[in-house]
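Worksheet: one structure, shown below.
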Amino acid sequence: MNLKQVRAFLAVADAMSFASAANQLHLSQPALSLSVKSLEENLGGKLLTRTTRTLSLTPEGEALVPLARRILAQWENAEDEMKQRFALQLGKISIASMPSFAASLLPKAIHNYHKCYPHIQVAIDDVLSDIVVDMVGNNQVELGICFEPSNLLDLAFYPLYEDNFIAIFPEHHPLNNATKITWQALLEYDFITLQRPSSVRAMIETSLQEMGMELKVAFDAHQLTTVVRMVSEGMGVAVVPVICRQQAYEQHLLCRPIVEPEIGRRVGVLCKPRSSLSIVAAAMLDVLIDTYSSIENVIPAQGSMDSQST
């Protein structure tokens with residue numbers, strides 16, 4: 001049984017006339033009769049009884065009518081839904097993002113996306129960078145925003161900007177007159193950082209080990225927002241991605257470049273190859289890249305720190 005046969009049968013059943021049904025379907029009567037006959041042969045019995053003057057449904061034909069209507073309705077609904085999806089009039093996109101990015105930069109891209117595609121639902125999971133990688137790799141989300149993984153496997157990474165880490169400390173800290181902070185000077189104070197496993201902590205520890213330095217941690221937390229808050233309470237100092245700078249300013253903290261060694265890593269969009277993305281995900285990828293193509297307009301250069309932190 002195929003769709004052409006079902007449509008032919010229903011047209012005849014509704015019109016109770018092969019001539020009228022053929023005209024409605026823009027078919028010749030022989031072609032219409034052949035479709036109905038083929039349907040009867042496929043199903044194994046008569047659906048219509050015909051005489052020279054009358055046409056009627058058999059009991060089996062009567063039983064098929066509501067089934068055939070549901071089949072056509074489901075097919076048409078499926079066709080309509082898929083057309084809407086390809087036209088970006090229907091769908092949903094799930095994004096996993098580092099909390100620092102989700103709370104500061106991501107809303108701008110979501111706003112831009114919504115203006116272009118108002119009927120697409122957007123769901124956001126704000127999780128640690130390492131979890132973002134796992135969620136994309138396990139197909140839990142199509143797009144993830146994170147630090148560039150050391151091993152991409154079969155994933156693609158589209159860089160957005162370079163996130164250089166900065167030192168943060170309270171306004172009246174002994175280091176407040178320094179324009180740049182060395183690690184050696186910073187580690188003389190109680191240090192606050194993220195708990196393991198964390199890509200931020202791993203980057204800090206690895207960079208210091210390469211310089212023959214040891215990271216001694218006084219306090220650690222699960223989220224960067226908590227780390228910044230602990231610094232604002234005078235519990236110690238911290239090194240965070242530059243994307244956290246606005247939050248640090250809101251907590252009246254000072255921000256300075258951290259050197260010897262400098263630590264930085266690219267932030268970007270992680271996903272399957274573009275050819276494997278849904279239409280809605282590919283459109284979101286384009287919006288993310290376009291929104292942050294001039295990232296310096298979103299994250300000012302480090303030289304502007306002093307003016308903003310006073």
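Identifiers for the structure tokens are assigned positionally: chains receive A, B, ... in sequence, residues are indexed from 1 per chain, and ligands are indexed from 1 in the order shown.
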
With a cut-off of 6 Å, could you pull out the residues of stretch 151-180 of chain A touching stretch 264-285 of chain A and give me the nearest pair of atoms for each, distance in Å to one decimal, using only C-alpha atoms, ordered by chain and ascending number, as CSV?
residue,atom,partner,partner_atom,distance
A:Leu155,CA,A:Lys272,CA,4.7
A:Ala156,CA,A:Cys271,CA,5.4
A:Phe157,CA,A:Leu270,CA,4.7
A:Tyr158,CA,A:Val269,CA,5.0
A:Pro159,CA,A:Gly268,CA,4.0
A:Leu160,CA,A:Gly268,CA,4.6
A:Tyr161,CA,A:Val267,CA,5.6
A:Glu162,CA,A:Arg266,CA,4.3
A:Asp163,CA,A:Gly264,CA,5.4
A:Asn164,CA,A:Gly264,CA,4.0
A:Phe165,CA,A:Gly264,CA,5.7

Let me see the file: selected residues, N, CA and C atoms, as a PDB file, in the first residue's frame.
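Saved as again01.pdb:
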ATOM      1  N   LEU A 155      35.344  15.662  16.846  1.00  0.00           N
ATOM      2  CA  LEU A 155      34.599  16.911  16.993  1.00  0.00           C
ATOM      3  C   LEU A 155      35.307  18.058  16.256  1.00  0.00           C
ATOM      4  N   ALA A 156      34.566  19.140  16.040  1.00  0.00           N
ATOM      5  CA  ALA A 156      35.116  20.345  15.420  1.00  0.00           C
ATOM      6  C   ALA A 156      35.114  21.471  16.443  1.00  0.00           C
ATOM      7  N   PHE A 157      36.112  22.356  16.360  1.00  0.00           N
ATOM      8  CA  PHE A 157      36.213  23.479  17.286  1.00  0.00           C
ATOM      9  C   PHE A 157      36.335  24.771  16.491  1.00  0.00           C
ATOM     10  N   TYR A 158      35.436  25.715  16.766  1.00  0.00           N
ATOM     11  CA  TYR A 158      35.442  27.010  16.091  1.00  0.00           C
ATOM     12  C   TYR A 158      35.828  28.076  17.112  1.00  0.00           C
ATOM     13  N   PRO A 159      37.072  28.576  17.086  1.00  0.00           N
ATOM     14  CA  PRO A 159      37.522  29.539  18.107  1.00  0.00           C
ATOM     15  C   PRO A 159      36.782  30.866  18.007  1.00  0.00           C
ATOM     16  N   LEU A 160      36.487  31.442  19.165  1.00  0.00           N
ATOM     17  CA  LEU A 160      35.838  32.748  19.242  1.00  0.00           C
ATOM     18  C   LEU A 160      36.810  33.832  19.691  1.00  0.00           C
ATOM     19  N   TYR A 161      37.634  33.521  20.706  1.00  0.00           N
ATOM     20  CA  TYR A 161      38.604  34.499  21.207  1.00  0.00           C
ATOM     21  C   TYR A 161      39.597  33.801  22.120  1.00  0.00           C
ATOM     22  N   GLU A 162      40.691  34.501  22.428  1.00  0.00           N
ATOM     23  CA  GLU A 162      41.715  34.002  23.342  1.00  0.00           C
ATOM     24  C   GLU A 162      41.420  34.568  24.732  1.00  0.00           C
ATOM     25  N   ASP A 163      41.229  33.694  25.695  1.00  0.00           N
ATOM     26  CA  ASP A 163      40.927  34.119  27.061  1.00  0.00           C
ATOM     27  C   ASP A 163      42.201  34.054  27.897  1.00  0.00           C
ATOM     28  N   ASN A 164      42.817  35.214  28.118  1.00  0.00           N
ATOM     29  CA  ASN A 164      44.010  35.279  28.960  1.00  0.00           C
ATOM     30  C   ASN A 164      43.600  35.450  30.415  1.00  0.00           C
ATOM     31  N   PHE A 165      44.239  34.701  31.287  1.00  0.00           N
ATOM     32  CA  PHE A 165      43.859  34.721  32.689  1.00  0.00           C
ATOM     33  C   PHE A 165      44.376  35.990  33.379  1.00  0.00           C
TER      34      PHE A 165
END

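If you count only C-alpha atoms and ignore residues fewer than 3 places along the chain from A:Arg245, what sits within 9 Å of it is Ile166, Ile168, Val240, Pro241, Val242, Ala248, Tyr249, Glu250, Leu253, Cys255, Ile299 and Met305 of chain A.
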
Fewer than 5 positions away in the same chain doesn't count, so skip those; otherwise give me all residues within 7 Å of A:Asp125, counting only C-alpha atoms, as a compact mmCIF listing (two decimals) with all heavy atoms, in the first residue's frame.
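What follows is the written file out-v3.txt:
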# COMPACT_ATOMS: atom_id res chain seq x y z
N ILE A 95 22.28 24.02 24.08
CA ILE A 95 23.66 24.48 24.14
C ILE A 95 24.20 24.26 25.54
O ILE A 95 23.53 24.56 26.53
CB ILE A 95 23.77 25.99 23.81
CG1 ILE A 95 23.14 26.28 22.44
CG2 ILE A 95 25.21 26.46 23.84
CD1 ILE A 95 23.02 27.77 22.16
N ALA A 96 25.41 23.73 25.63
CA ALA A 96 26.11 23.66 26.92
C ALA A 96 27.20 24.72 26.91
O ALA A 96 27.90 24.88 25.92
CB ALA A 96 26.72 22.27 27.12
N SER A 97 27.32 25.45 28.00
CA SER A 97 28.28 26.55 28.04
C SER A 97 28.92 26.66 29.41
O SER A 97 28.28 26.39 30.43
CB SER A 97 27.58 27.88 27.70
OG SER A 97 28.43 28.98 27.93

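Separating atom CA of A:Ala167 from atom CA of A:His252 is a distance of 13.6 Å.
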
Review point. Which polymer residues have any atom within 12 Å of an atom of stretch 29-46 of chain A, counting only C-alpha atoms, with same-chain residues fewer than 3 positions away left out, as a ChimeraX atom specification?
Key: /A:1-13,17-26,49-50,56-64,68

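One distance worth recording is that between atom CA of A:Asp80 and atom CA of A:His119, which is 14.9 Å.
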
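Listed by chain and then by rising number, the residues of stretch 6-157 of chain A that DSSP assigns to strand (DSSP E or B) from the backbone are Leu48, Thr49, Arg50, Leu55, Ser56, Leu57, Gly91, Lys92, Ile93, Ser94, Ile95, Ala96, Ser97, Ile120, Gln121, Val122, Ala123, Ile124, Asp125, Asp126, Leu143, Gly144, Ile145, Cys146, Phe147, Ala156 and Phe157 of chain A.
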